[in-house]
file query-v4.cif (mmCIF, C-alpha atoms and all ligand atoms)
data_target
#
loop_
_atom_site.label_atom_id
_atom_site.label_comp_id
_atom_site.auth_asym_id
_atom_site.auth_seq_id
_atom_site.Cartn_x
_atom_site.Cartn_y
_atom_site.Cartn_z
CA MET U 22 181.68 178.37 230.20
CA ASP U 23 179.10 175.80 231.32
CA ALA U 24 178.13 172.80 229.23
CA PHE U 25 175.06 174.53 227.91
CA GLY U 26 176.82 177.68 226.85
CA LEU U 27 179.17 175.34 225.06
CA LEU U 28 176.26 173.66 223.28
CA ALA U 29 175.07 177.01 221.94
CA GLU U 30 178.58 177.71 220.70
CA HIS U 31 178.87 174.26 219.09
CA LEU U 32 175.56 174.74 217.32
CA GLU U 33 176.70 178.09 216.00
CA GLU U 34 179.90 176.61 214.58
CA ALA U 35 178.00 173.71 213.01
CA GLN U 36 175.46 176.13 211.55
CA ARG U 37 178.18 178.26 209.98
CA VAL U 38 179.72 175.27 208.16
CA LEU U 39 176.48 173.72 206.93
CA GLU U 40 174.97 177.07 205.98
CA SER U 41 177.93 178.07 203.88
CA ALA U 42 177.84 174.70 202.07
CA MET U 43 174.10 174.73 201.37
CA THR U 44 172.89 176.18 198.10
CA VAL U 45 169.21 176.24 199.05
CA ARG U 46 167.46 177.70 202.08
CA PRO U 47 164.89 175.02 202.85
CA ARG U 48 162.18 175.34 205.46
CA CYS U 49 161.30 171.62 205.36
CA ALA U 50 163.55 168.83 206.54
CA VAL U 51 163.08 165.10 206.36
CA ILE U 52 164.81 162.38 208.34
CA LEU U 53 165.16 159.33 206.16
CA GLY U 54 164.28 156.46 208.45
CA THR U 55 163.81 152.85 207.48
CA GLY U 56 161.55 152.82 204.43
CA LEU U 57 162.35 156.35 203.28
CA GLY U 58 165.88 155.78 202.09
CA ALA U 59 164.78 156.02 198.45
CA VAL U 60 163.89 159.70 198.91
CA ALA U 61 167.56 160.31 198.33
CA ASP U 62 167.03 159.00 194.77
CA ALA U 63 163.69 160.75 194.24
CA MET U 64 164.85 164.21 195.17
CA THR U 65 167.00 166.38 192.96
CA VAL U 66 170.12 166.57 195.07
CA HIS U 67 172.04 169.84 194.85
CA GLY U 68 174.69 169.02 197.40
CA ARG U 69 175.81 166.82 200.26
CA LEU U 70 177.85 167.15 203.41
CA ASP U 71 179.00 164.29 205.64
CA TYR U 72 178.14 164.63 209.32
CA ALA U 73 181.85 164.20 210.00
CA ALA U 74 182.50 167.50 208.18
CA VAL U 75 180.12 169.40 210.46
CA PRO U 76 181.89 170.54 213.65
CA HIS U 77 180.61 168.92 216.89
CA HIS U 78 178.08 166.82 214.95
CA PRO U 79 177.59 163.20 216.09
CA VAL U 80 178.83 160.74 213.49
CA SER U 81 177.52 157.33 212.58
CA THR U 82 179.40 154.53 214.34
CA VAL U 83 178.19 151.83 211.97
CA GLU U 84 180.45 151.88 208.93
CA SER U 85 177.76 150.73 206.51
CA HIS U 86 175.55 153.65 207.55
CA GLN U 87 175.73 156.74 205.45
CA GLY U 88 175.73 159.75 207.64
CA ARG U 89 175.21 162.93 205.71
CA TYR U 90 173.00 165.86 204.89
CA LEU U 91 171.54 166.17 201.42
CA TRP U 92 169.85 169.29 200.12
CA GLY U 93 167.93 169.95 196.96
CA THR U 94 164.34 169.90 195.78
CA TRP U 95 161.62 167.28 196.04
CA ALA U 96 158.17 167.75 194.51
CA GLY U 97 159.21 171.31 193.72
CA VAL U 98 160.01 172.06 197.36
CA ASP U 99 163.44 172.96 198.75
CA ILE U 100 164.37 170.32 201.25
CA LEU U 101 167.10 169.29 203.66
CA ALA U 102 167.39 165.55 204.22
CA MET U 103 169.26 163.62 206.88
CA GLN U 104 170.53 160.33 205.53
CA GLY U 105 171.36 158.33 208.63
CA ARG U 106 170.00 159.04 212.07
CA PHE U 107 171.07 158.45 215.66
CA HIS U 108 169.40 156.08 218.11
CA LEU U 109 169.82 155.94 221.89
CA TYR U 110 170.43 152.19 221.70
CA GLU U 111 173.61 152.83 219.72
CA GLY U 112 174.99 154.63 222.75
CA TYR U 113 174.30 158.21 221.66
CA SER U 114 173.15 160.55 224.41
CA PRO U 115 169.74 162.21 224.14
CA GLN U 116 171.65 165.46 223.47
CA ASP U 117 173.51 163.81 220.57
CA VAL U 118 170.22 162.69 219.06
CA ALA U 119 168.83 166.21 219.53
CA PHE U 120 171.86 168.00 218.03
CA PRO U 121 170.83 167.77 214.35
CA ILE U 122 167.31 168.90 215.19
CA ARG U 123 168.58 171.96 217.01
CA LEU U 124 170.91 172.62 214.13
CA MET U 125 167.99 172.45 211.70
CA ALA U 126 166.08 174.99 213.77
CA ARG U 127 169.03 177.37 213.53
CA LEU U 128 169.15 176.84 209.77
CA GLY U 129 165.59 178.12 209.44
CA ILE U 130 163.81 174.76 209.19
CA THR U 131 160.24 175.09 210.45
CA VAL U 132 158.75 171.72 209.49
CA LEU U 133 160.32 168.38 210.29
CA ILE U 134 159.09 165.18 208.63
CA LEU U 135 160.05 161.95 210.37
CA SER U 136 159.54 158.39 209.31
CA ASN U 137 160.36 155.18 211.11
CA ALA U 138 159.73 151.48 211.09
CA ALA U 139 157.60 150.40 214.02
CA GLY U 140 156.03 147.31 215.48
CA GLY U 141 152.25 147.36 215.34
CA LEU U 142 150.39 146.88 218.63
CA ASN U 143 146.92 147.68 217.36
CA PRO U 144 145.53 144.28 216.28
CA LEU U 145 143.76 145.87 213.29
CA PHE U 146 147.10 146.84 211.74
CA ARG U 147 148.80 144.75 209.07
CA PRO U 148 152.49 144.56 208.22
CA GLY U 149 153.20 147.14 205.53
CA ASP U 150 150.55 149.63 206.73
CA LEU U 151 151.41 153.30 207.13
CA MET U 152 150.49 154.94 210.43
CA LEU U 153 150.15 158.68 210.92
CA ILE U 154 151.59 159.41 214.36
CA THR U 155 149.01 161.44 216.28
CA ASP U 156 150.83 161.40 219.62
CA HIS U 157 153.60 159.58 221.41
CA MET U 158 154.62 158.13 224.75
CA ASN U 159 158.20 158.42 225.85
CA PHE U 160 159.18 155.11 227.47
CA THR U 161 162.91 155.55 226.94
CA GLY U 162 163.44 156.75 230.51
CA THR U 163 165.30 159.80 229.28
CA ASN U 164 164.71 163.16 227.64
CA PRO U 165 166.95 165.46 225.59
CA LEU U 166 165.88 168.46 227.69
CA VAL U 167 167.21 167.14 231.02
CA GLY U 168 169.67 169.57 232.59
CA PRO U 169 169.79 173.34 232.74
CA ASN U 170 167.59 174.80 230.02
CA VAL U 171 169.23 176.79 227.25
CA ASP U 172 166.64 179.55 226.98
CA LEU U 173 167.98 180.47 223.55
CA LEU U 174 166.94 177.03 222.25
CA GLY U 175 163.47 176.86 223.76
CA PRO U 176 161.39 177.00 226.96
CA ARG U 177 162.08 175.11 230.20
CA PHE U 178 158.76 173.24 230.15
CA PRO U 179 157.73 172.97 226.51
CA ASP U 180 154.08 172.34 225.88
CA MET U 181 153.32 168.87 224.56
CA SER U 182 149.61 169.23 223.82
CA GLU U 183 150.31 169.06 220.07
CA PRO U 184 153.71 167.46 219.43
CA TYR U 185 152.52 166.38 215.96
CA SER U 186 151.02 169.34 214.13
CA ARG U 187 147.28 168.93 213.59
CA ARG U 188 147.44 170.90 210.37
CA LEU U 189 150.17 168.64 209.00
CA GLN U 190 148.21 165.57 210.09
CA GLU U 191 145.18 166.90 208.24
CA ILE U 192 147.22 167.42 205.07
CA ALA U 193 148.53 163.84 205.29
CA ARG U 194 145.00 162.50 205.80
CA GLN U 195 143.60 164.46 202.87
CA GLU U 196 146.38 163.44 200.51
CA ALA U 197 146.12 159.78 201.57
CA LEU U 198 142.40 159.86 200.83
CA ARG U 199 142.95 161.59 197.49
CA THR U 200 145.66 159.12 196.50
CA GLY U 201 143.84 156.03 197.71
CA ILE U 202 146.46 155.17 200.32
CA LEU U 203 145.27 153.51 203.53
CA LEU U 204 146.66 155.65 206.33
CA ARG U 205 146.21 154.24 209.83
CA GLU U 206 146.63 156.55 212.77
CA GLY U 207 147.77 156.10 216.30
CA VAL U 208 150.05 156.61 219.24
CA TYR U 209 153.73 155.73 218.97
CA ALA U 210 155.46 154.35 222.05
CA GLY U 211 159.18 155.13 222.01
CA VAL U 212 161.34 152.60 223.83
CA LEU U 213 165.09 152.45 224.40
CA GLY U 214 165.84 149.03 222.85
CA PRO U 215 167.85 147.43 221.42
CA SER U 216 166.23 144.25 222.76
CA MET U 217 162.76 143.78 221.35
CA GLU U 218 159.78 143.89 223.69
CA THR U 219 158.76 140.84 225.67
CA ALA U 220 155.18 139.60 225.36
CA ALA U 221 154.44 141.14 228.78
CA GLU U 222 155.87 144.51 227.71
CA THR U 223 153.87 144.35 224.50
CA ARG U 224 150.69 143.72 226.48
CA PHE U 225 151.56 146.62 228.79
CA LEU U 226 152.23 149.05 225.93
CA ARG U 227 148.98 148.16 224.21
CA ALA U 228 147.04 148.49 227.48
CA ALA U 229 148.73 151.87 228.01
CA GLY U 230 147.21 153.10 224.76
CA ALA U 231 149.98 152.65 222.20
CA ASP U 232 149.27 151.55 218.63
CA ALA U 233 152.89 151.08 217.60
CA VAL U 234 156.30 150.74 219.24
CA GLY U 235 159.73 151.72 218.05
CA MET U 236 163.21 152.78 219.08
CA SER U 237 163.53 156.19 217.45
CA THR U 238 161.63 159.44 216.93
CA VAL U 239 160.61 160.56 220.44
CA MET U 240 163.95 162.27 221.31
CA GLU U 241 163.89 164.04 217.96
CA VAL U 242 160.29 165.15 218.34
CA ILE U 243 160.83 166.47 221.87
CA ALA U 244 163.85 168.47 220.68
CA ALA U 245 161.88 169.70 217.66
CA VAL U 246 158.90 170.85 219.73
CA HIS U 247 161.27 172.54 222.18
CA ALA U 248 162.83 174.41 219.25
CA GLY U 249 159.41 175.42 217.90
CA LEU U 250 159.34 173.16 214.82
CA LYS U 251 156.16 171.65 213.46
CA VAL U 252 156.38 167.87 213.13
CA LEU U 253 154.83 165.30 210.84
CA GLY U 254 155.55 161.68 211.76
CA ILE U 255 154.67 158.55 209.84
CA SER U 256 155.47 154.98 210.87
CA VAL U 257 155.77 152.06 208.54
CA ILE U 258 154.31 149.11 210.42
CA SER U 259 156.90 146.45 209.72
CA ASN U 260 155.44 143.76 211.97
CA VAL U 261 152.43 143.32 214.23
CA ASN U 262 153.04 142.07 217.75
CA ARG U 263 150.29 140.09 219.45
CA PRO U 264 151.15 139.32 223.07
CA ASP U 265 148.82 136.33 223.32
CA CYS U 266 150.35 134.52 220.36
CA TYR U 267 153.76 136.14 220.47
CA GLU U 268 156.23 135.42 217.72
CA PRO U 269 159.84 136.43 217.09
CA VAL U 270 160.36 139.49 214.89
CA PRO U 271 163.33 138.84 212.61
CA LEU U 272 165.21 142.03 211.70
CA GLU U 273 165.24 140.98 208.03
CA GLN U 274 161.43 140.99 208.09
CA VAL U 275 161.37 144.46 209.63
CA ILE U 276 163.69 145.81 206.94
CA ARG U 277 162.02 143.94 204.07
CA THR U 278 158.47 145.02 204.99
CA ALA U 279 159.47 148.60 205.77
CA SER U 280 161.36 148.89 202.49
CA ALA U 281 158.43 147.39 200.54
CA SER U 282 156.16 150.14 201.91
CA GLY U 283 158.75 152.83 201.20
CA PRO U 284 157.30 153.74 197.77
CA LEU U 285 153.83 154.18 199.32
CA LEU U 286 155.21 156.53 201.93
CA MET U 287 157.19 158.37 199.27
CA THR U 288 154.07 158.84 197.14
CA LEU U 289 152.13 160.18 200.10
CA LEU U 290 154.85 162.64 201.07
CA GLU U 291 155.44 163.72 197.51
CA ARG U 292 151.75 164.60 197.15
CA ALA U 293 151.63 166.30 200.53
CA LEU U 294 154.86 168.25 200.25
CA PRO U 295 153.62 171.30 198.31
CA LYS U 296 150.96 171.88 201.01
CA ILE U 297 153.40 171.09 203.80
CA SER U 298 155.69 173.69 202.28
CA LEU U 299 152.99 176.36 202.61
CA ILE U 300 152.70 175.56 206.32
CA ALA U 301 156.48 175.74 206.57
CA GLN U 302 156.36 179.24 205.11
CA GLY U 303 153.77 180.29 207.67
CA LYS U 304 150.87 180.21 205.22
CA SER U 305 147.71 178.18 205.53
CA SER U 306 147.54 175.07 203.37
CA ASP U 307 145.25 176.83 200.86
CA GLY U 308 148.09 179.25 200.15
CA LYS U 309 146.67 182.22 202.05
CA ASN U 310 148.45 183.91 204.88
CA PRO U 311 146.56 183.10 208.08
CA VAL U 312 144.80 186.18 209.48
N1 LIG D 401 159.58 146.75 218.41
C1 LIG D 401 160.41 147.81 218.54
N2 LIG D 401 160.92 148.46 217.51
C2 LIG D 401 160.58 148.06 216.28
C3 LIG D 401 159.71 146.97 216.07
C4 LIG D 401 159.18 146.29 217.21
O1 LIG D 401 158.41 145.32 217.10
N3 LIG D 401 159.54 146.81 214.74
C5 LIG D 401 160.31 147.80 214.15
N4 LIG D 401 160.92 148.54 215.08
#
call {"tool": "encode", "arguments": {"input": "query-v4.cif", "output": "structure tokens", "more": "lines below"}}
Ligand code: HPA
result
Amino acid sequence: MDAFGLLAEHLEEAQRVLESAMTVRPRCAVILGTGLGAVADAMTVHGRLDYAAVPHHPVSTVESHQGRYLWGTWAGVDILAMQGRFHLYEGYSPQDVAFPIRLMARLGITVLILSNAAGGLNPLFRPGDLMLITDHMNFTGTNPLVGPNVDLLGPRFPDMSEPYSRRLQEIARQEALRTGILLREGVYAGVLGPSMETAAETRFLRAAGADAVGMSTVMEVIAAVHAGLKVLGISVISNVNRPDCYEPVPLEQVIRTASASGPLLMTLLERALPKISLIAQGKSSDGKNPV
């Protein structure tokens, strides 16, 4: 069997184990990035499974990192959460990073919510702002879809005209307005890391049209779009990088600022989730089935 037939088989085995453990059948999944960790406390958790217990699943190499699936309900919506994610800079392959996303698709997930901490490039942004991701640029130099396509997973050349669902973006905008939360918007540039950008790279990324830069998300989104999932992405702007008066970005500041904005992001998602859930069930956000 070739490597890609093997991938399909691995996904099936992983699906069997996670599916038989799960007590809910969620359609929405959330990846708890920096700033969203507290979701695990906000949701009513029905069960957990360590990544290590899921066959063929990548596992977290950093001991302090929890790596597990949680399922339960949040804001009245059944949800699957990933606590701990995989970054290319840790040495995971693009296929490793994509594995959980493909697994989610097999489990019946139709909407994926991603959060991350990102460096602001748009000079109007302030540390602590939330940014709705409207589009991305993949500057990692790689792609999870490289290699023979597994037609069962998705198409050879997936369309990328709407990687971040416009309907989900609209829901996030409306709920932000209703709740009085300032929601910036912009383009996320995904880089490999782990070194931070130089001033020259920062200037380049801004000139290229990016509003924020980070080291996660794009592999996951590409795999999600390939698998037919709808995506909502929100960045917490943990720092703002100005190439002409460039300053170091201490990791503690990134974590502190992102965590401080976590509750804001949680509030926004909590308000938006019932409407997101309708989209996940194939209904329009006013509850009607689209004609
Ligand atoms: N650059 C890249 N990744 C990041 C940054 C940054 O400035 N801040 C948080 N993640």
call {"tool": "closest_atom_pairs", "arguments": {"input": "query-v4.cif", "of": "range 280-305 of chain U", "to": "range 256-271 of chain U", "cutoff": "10 Å", "atoms": "all atoms listed in the file", "output": "CSV"}}
result
residue,atom,partner,partner_atom,distance
U:Ser280,CA,U:Val257,CA,8.8
U:Ala281,CA,U:Ser259,CA,9.4
U:Ser282,CA,U:Val257,CA,6.9
U:Gly283,CA,U:Val257,CA,8.0
U:Leu285,CA,U:Val257,CA,9.7
U:Leu286,CA,U:Val257,CA,8.0
call {"tool": "residues_around", "arguments": {"input": "query-v4.cif", "residues": "Pro76 in chain U", "least_positions_apart": "4", "cutoff": "9 Å", "atoms": "only C-alpha atoms", "output": "compact mmCIF listing (two decimals) with C-alpha atoms, keeping the file's coordinate frame"}}
result
# COMPACT_ATOMS: atom_id res chain seq x y z
CA HIS U 31 178.87 174.26 219.09
CA LEU U 32 175.56 174.74 217.32
CA GLU U 34 179.90 176.61 214.58
CA ALA U 35 178.00 173.71 213.01
CA GLN U 36 175.46 176.13 211.55
CA VAL U 38 179.72 175.27 208.16
CA TYR U 72 178.14 164.63 209.32
call {"tool": "residues_near_ligand", "arguments": {"input": "query-v4.cif", "ligand": "ligand LIG 401 (chain D)", "cutoff": "10 Å", "atoms": "all atoms listed in the file", "output": "PyMOL selection string"}}
result
chain U and resi 55+137-142+148+210-219+223+233-237+256-263+269-272+274-276+278-279
call {"tool": "closest_residue", "arguments": {"input": "query-v4.cif", "among": "U:Ala102, U:Ala229, U:Leu174, U:Ile255", "to": "Thr65 in chain U", "atoms": "all atoms listed in the file"}}
result
U:Ala102
call {"tool": "closest_residue", "arguments": {"input": "query-v4.cif", "among": "U:Asp99, U:Glu273, U:Glu222, U:Glu291", "to": "Ala193 in chain U", "atoms": "only C-alpha atoms"}}
result
U:Glu291
call {"tool": "closest_residue", "arguments": {"input": "query-v4.cif", "among": "U:Ala126, U:Leu203, U:Leu153, U:Ile100", "to": "Val51 in chain U", "atoms": "all atoms listed in the file"}}
result
U:Ile100
call {"tool": "atom_distance", "arguments": {"input": "query-v4.cif", "atom1": "CA of Phe146 in chain U", "atom2": "CA of Gly54 in chain U"}}
result
20.0 Å
call {"tool": "closest_residue", "arguments": {"input": "query-v4.cif", "among": "U:Ala119, U:Ile202, U:Ala29, U:Ala61", "to": "Pro79 in chain U", "atoms": "all atoms listed in the file"}}
result
U:Ala119
call {"tool": "atom_distance", "arguments": {"input": "query-v4.cif", "atom1": "CA of Ile52 in chain U", "atom2": "CA of Arg194 in chain U"}}
result
20.0 Å
call {"tool": "atom_distance", "arguments": {"input": "query-v4.cif", "atom1": "CA of Val98 in chain U", "atom2": "CA of Ala244 in chain U"}}
result
23.9 Å
call {"tool": "closest_residue", "arguments": {"input": "query-v4.cif", "among": "U:Ser186, U:Thr163, U:Ser81, U:Ser298", "to": "Phe107 in chain U", "atoms": "only C-alpha atoms"}}
result
U:Ser81
call {"tool": "closest_residue", "arguments": {"input": "query-v4.cif", "among": "U:Arg123, U:Arg224, U:Cys49, U:Ile300", "to": "Leu173 in chain U", "atoms": "all atoms listed in the file"}}
result
U:Arg123
call {"tool": "decode", "arguments": {"input": "query-v4.cif", "residues": "range 149-161 of chain U", "atoms": "all heavy atoms", "output": "PDB file, in the first residue's frame"}}
result
ATOM      1  N   GLY U 149      -3.505  43.272  22.364  1.00  0.00           N
ATOM      2  CA  GLY U 149      -4.747  42.901  23.049  1.00  0.00           C
ATOM      3  C   GLY U 149      -5.964  42.912  22.135  1.00  0.00           C
ATOM      4  O   GLY U 149      -7.006  42.365  22.484  1.00  0.00           O
ATOM      5  N   ASP U 150      -5.838  43.530  20.942  1.00  0.00           N
ATOM      6  CA  ASP U 150      -6.963  43.555  19.995  1.00  0.00           C
ATOM      7  C   ASP U 150      -7.284  42.138  19.501  1.00  0.00           C
ATOM      8  O   ASP U 150      -6.403  41.281  19.422  1.00  0.00           O
ATOM      9  CB  ASP U 150      -6.601  44.389  18.742  1.00  0.00           C
ATOM     10  CG  ASP U 150      -6.702  45.891  18.983  1.00  0.00           C
ATOM     11  OD1 ASP U 150      -7.168  46.297  20.057  1.00  0.00           O
ATOM     12  OD2 ASP U 150      -6.302  46.655  18.072  1.00  0.00           O
ATOM     13  N   LEU U 151      -8.536  41.946  19.118  1.00  0.00           N
ATOM     14  CA  LEU U 151      -8.922  40.724  18.409  1.00  0.00           C
ATOM     15  C   LEU U 151      -8.986  41.042  16.920  1.00  0.00           C
ATOM     16  O   LEU U 151      -9.427  42.124  16.534  1.00  0.00           O
ATOM     17  CB  LEU U 151     -10.307  40.240  18.867  1.00  0.00           C
ATOM     18  CG  LEU U 151     -10.482  39.918  20.348  1.00  0.00           C
ATOM     19  CD1 LEU U 151     -11.896  39.386  20.599  1.00  0.00           C
ATOM     20  CD2 LEU U 151      -9.444  38.888  20.808  1.00  0.00           C
ATOM     21  N   MET U 152      -8.527  40.106  16.104  1.00  0.00           N
ATOM     22  CA  MET U 152      -8.591  40.297  14.649  1.00  0.00           C
ATOM     23  C   MET U 152      -9.277  39.116  13.987  1.00  0.00           C
ATOM     24  O   MET U 152      -8.821  37.978  14.104  1.00  0.00           O
ATOM     25  CB  MET U 152      -7.181  40.463  14.053  1.00  0.00           C
ATOM     26  CG  MET U 152      -7.208  40.778  12.561  1.00  0.00           C
ATOM     27  SD  MET U 152      -5.595  40.655  11.747  1.00  0.00           S
ATOM     28  CE  MET U 152      -5.585  38.926  11.241  1.00  0.00           C
ATOM     29  N   LEU U 153     -10.384  39.421  13.312  1.00  0.00           N
ATOM     30  CA  LEU U 153     -11.065  38.405  12.498  1.00  0.00           C
ATOM     31  C   LEU U 153     -10.178  38.134  11.279  1.00  0.00           C
ATOM     32  O   LEU U 153      -9.807  39.078  10.566  1.00  0.00           O
ATOM     33  CB  LEU U 153     -12.418  38.975  12.064  1.00  0.00           C
ATOM     34  CG  LEU U 153     -13.299  38.127  11.167  1.00  0.00           C
ATOM     35  CD1 LEU U 153     -13.786  36.882  11.910  1.00  0.00           C
ATOM     36  CD2 LEU U 153     -14.494  38.957  10.693  1.00  0.00           C
ATOM     37  N   ILE U 154      -9.832  36.880  11.074  1.00  0.00           N
ATOM     38  CA  ILE U 154      -8.985  36.561   9.907  1.00  0.00           C
ATOM     39  C   ILE U 154      -9.879  36.478   8.676  1.00  0.00           C
ATOM     40  O   ILE U 154     -10.800  35.669   8.621  1.00  0.00           O
ATOM     41  CB  ILE U 154      -8.219  35.233  10.114  1.00  0.00           C
ATOM     42  CG1 ILE U 154      -7.416  35.259  11.421  1.00  0.00           C
ATOM     43  CG2 ILE U 154      -7.306  34.957   8.929  1.00  0.00           C
ATOM     44  CD1 ILE U 154      -6.686  33.964  11.728  1.00  0.00           C
ATOM     45  N   THR U 155      -9.628  37.352   7.705  1.00  0.00           N
ATOM     46  CA  THR U 155     -10.443  37.369   6.488  1.00  0.00           C
ATOM     47  C   THR U 155      -9.778  36.581   5.364  1.00  0.00           C
ATOM     48  O   THR U 155     -10.429  36.181   4.406  1.00  0.00           O
ATOM     49  CB  THR U 155     -10.698  38.812   6.018  1.00  0.00           C
ATOM     50  OG1 THR U 155      -9.418  39.452   5.847  1.00  0.00           O
ATOM     51  CG2 THR U 155     -11.520  39.596   7.033  1.00  0.00           C
ATOM     52  N   ASP U 156      -8.471  36.396   5.482  1.00  0.00           N
ATOM     53  CA  ASP U 156      -7.726  35.671   4.449  1.00  0.00           C
ATOM     54  C   ASP U 156      -6.334  35.383   5.023  1.00  0.00           C
ATOM     55  O   ASP U 156      -5.966  35.921   6.078  1.00  0.00           O
ATOM     56  CB  ASP U 156      -7.610  36.546   3.190  1.00  0.00           C
ATOM     57  CG  ASP U 156      -7.468  35.716   1.922  1.00  0.00           C
ATOM     58  OD1 ASP U 156      -7.204  34.497   2.027  1.00  0.00           O
ATOM     59  OD2 ASP U 156      -7.601  36.292   0.829  1.00  0.00           O
ATOM     60  N   HIS U 157      -5.588  34.545   4.324  1.00  0.00           N
ATOM     61  CA  HIS U 157      -4.224  34.314   4.802  1.00  0.00           C
ATOM     62  C   HIS U 157      -3.233  34.233   3.651  1.00  0.00           C
ATOM     63  O   HIS U 157      -3.617  34.110   2.491  1.00  0.00           O
ATOM     64  CB  HIS U 157      -4.157  33.067   5.714  1.00  0.00           C
ATOM     65  CG  HIS U 157      -4.208  31.742   5.011  1.00  0.00           C
ATOM     66  ND1 HIS U 157      -4.840  30.645   5.540  1.00  0.00           N
ATOM     67  CD2 HIS U 157      -3.688  31.314   3.830  1.00  0.00           C
ATOM     68  CE1 HIS U 157      -4.711  29.621   4.709  1.00  0.00           C
ATOM     69  NE2 HIS U 157      -4.021  30.004   3.670  1.00  0.00           N
ATOM     70  N   MET U 158      -1.953  34.324   4.023  1.00  0.00           N
ATOM     71  CA  MET U 158      -0.871  34.077   3.067  1.00  0.00           C
ATOM     72  C   MET U 158       0.015  33.020   3.682  1.00  0.00           C
ATOM     73  O   MET U 158       0.397  33.132   4.858  1.00  0.00           O
ATOM     74  CB  MET U 158      -0.085  35.373   2.832  1.00  0.00           C
ATOM     75  CG  MET U 158      -0.870  36.372   2.008  1.00  0.00           C
ATOM     76  SD  MET U 158       0.143  37.756   1.496  1.00  0.00           S
ATOM     77  CE  MET U 158      -0.106  38.837   2.867  1.00  0.00           C
ATOM     78  N   ASN U 159       0.315  32.013   2.886  1.00  0.00           N
ATOM     79  CA  ASN U 159       1.124  30.908   3.386  1.00  0.00           C
ATOM     80  C   ASN U 159       2.588  31.166   3.048  1.00  0.00           C
ATOM     81  O   ASN U 159       3.023  30.930   1.921  1.00  0.00           O
ATOM     82  CB  ASN U 159       0.627  29.595   2.767  1.00  0.00           C
ATOM     83  CG  ASN U 159       1.452  28.411   3.225  1.00  0.00           C
ATOM     84  OD1 ASN U 159       2.279  28.509   4.128  1.00  0.00           O
ATOM     85  ND2 ASN U 159       1.239  27.273   2.586  1.00  0.00           N
ATOM     86  N   PHE U 160       3.344  31.639   4.030  1.00  0.00           N
ATOM     87  CA  PHE U 160       4.777  31.889   3.850  1.00  0.00           C
ATOM     88  C   PHE U 160       5.627  30.815   4.521  1.00  0.00           C
ATOM     89  O   PHE U 160       6.795  31.039   4.805  1.00  0.00           O
ATOM     90  CB  PHE U 160       5.156  33.261   4.425  1.00  0.00           C
ATOM     91  CG  PHE U 160       4.801  34.416   3.531  1.00  0.00           C
ATOM     92  CD1 PHE U 160       3.860  35.347   3.911  1.00  0.00           C
ATOM     93  CD2 PHE U 160       5.414  34.581   2.291  1.00  0.00           C
ATOM     94  CE1 PHE U 160       3.527  36.425   3.093  1.00  0.00           C
ATOM     95  CE2 PHE U 160       5.094  35.642   1.462  1.00  0.00           C
ATOM     96  CZ  PHE U 160       4.148  36.564   1.861  1.00  0.00           C
ATOM     97  N   THR U 161       5.033  29.675   4.815  1.00  0.00           N
ATOM     98  CA  THR U 161       5.808  28.633   5.501  1.00  0.00           C
ATOM     99  C   THR U 161       6.707  27.876   4.535  1.00  0.00           C
ATOM    100  O   THR U 161       7.603  27.161   4.954  1.00  0.00           O
ATOM    101  CB  THR U 161       4.872  27.605   6.177  1.00  0.00           C
ATOM    102  OG1 THR U 161       4.128  26.928   5.153  1.00  0.00           O
ATOM    103  CG2 THR U 161       3.911  28.253   7.149  1.00  0.00           C
TER     104      THR U 161
END
